[in-house]
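Structure record follows, encoded as structure tokens.
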Amino acid sequence: MAFFSRALSLTARNLSATQQTRTFVNNMAVKKWAFNLSGFNQYGLYHDDVLYENDEVKEAIRRLPQNLQDERAFRIQRALQCSVMKTVLPKDQWPTFEEDQEKGRYLTLLLEEVRAELAEKAEWSKNA
């Protein structure tokens with residue numbers, strides 16, 4: 001009986017370890033599927049090109065280097081032109097999932113910085 005309970009406990013531990021590492025959200029196949037389903041890649045846009053421009057995002061965009069601001073403006077204007085013409089870009093001009101993961105998150109660090117500054121400012125105003 002002790003052997004049986006020991007085997008069950010080892011199996012339970014192995015299953016729980018497997019379940020923790022395999023999640024639905026961290027599955028790259030699901031992320032790639034969602035990326036292709038979103039459709040903004042068909043217009044040549046990256047992830048951060050389609051963020052809703054609230055005050056935090058506008059401040060992060062303002063802090064971008066000029067060349068990245070120009071590239072972003074070009075991608076958005078090209079996407080608007082495609083939308084007006086009711087077409088999409090040729091498939092060879094679509095950003096791939098890997099390219100979007102590499103280059104498409106260009107605002108993330110700046111957004112974190114802006115949010116941290118706003119939180120600090122709110123903390124200071126609360127204490128004053």
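Convention: chains lettered A, B, ... in structure tokens order; per-chain residue numbering from 1; ligands numbered from 1 as shown.
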* To do: Would you mind listing what lies within 12 Å of Lys58 in chain A as a PyMOL selection string, with only C-alpha atoms counted and same-chain residues fewer than 4 positions away left out?
  => chain A and resi 48-49+51-54+62-64+69+107+110-111+114-115
* To do: Excluding Asn36 in chain A and any residue of its chain fewer than 5 positions from it, enumerate the residues within 12 Å of it, using only C-alpha atoms, and give them as a ChimeraX atom specification.
  => /A:29-31,41-47,91,94-98,100
* To do: Report the distance between CA of Asn67 in chain A and CA of Leu109 in chain A in Å, rounded to one decimal place.
  =>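 CA of Asn67 in chain A sits 17.0 Å away from CA of Leu109 in chain A.
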* To do: Mind giving me the straight-line distance from CA of Ala60 in chain A to CA of Glu120 in chain A in Å, one decimal?
  => 16.3 Å
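With CA of Glu59 in chain A on one side and CA of Glu117 in chain A on the other, the separation reads 11.2 Å.
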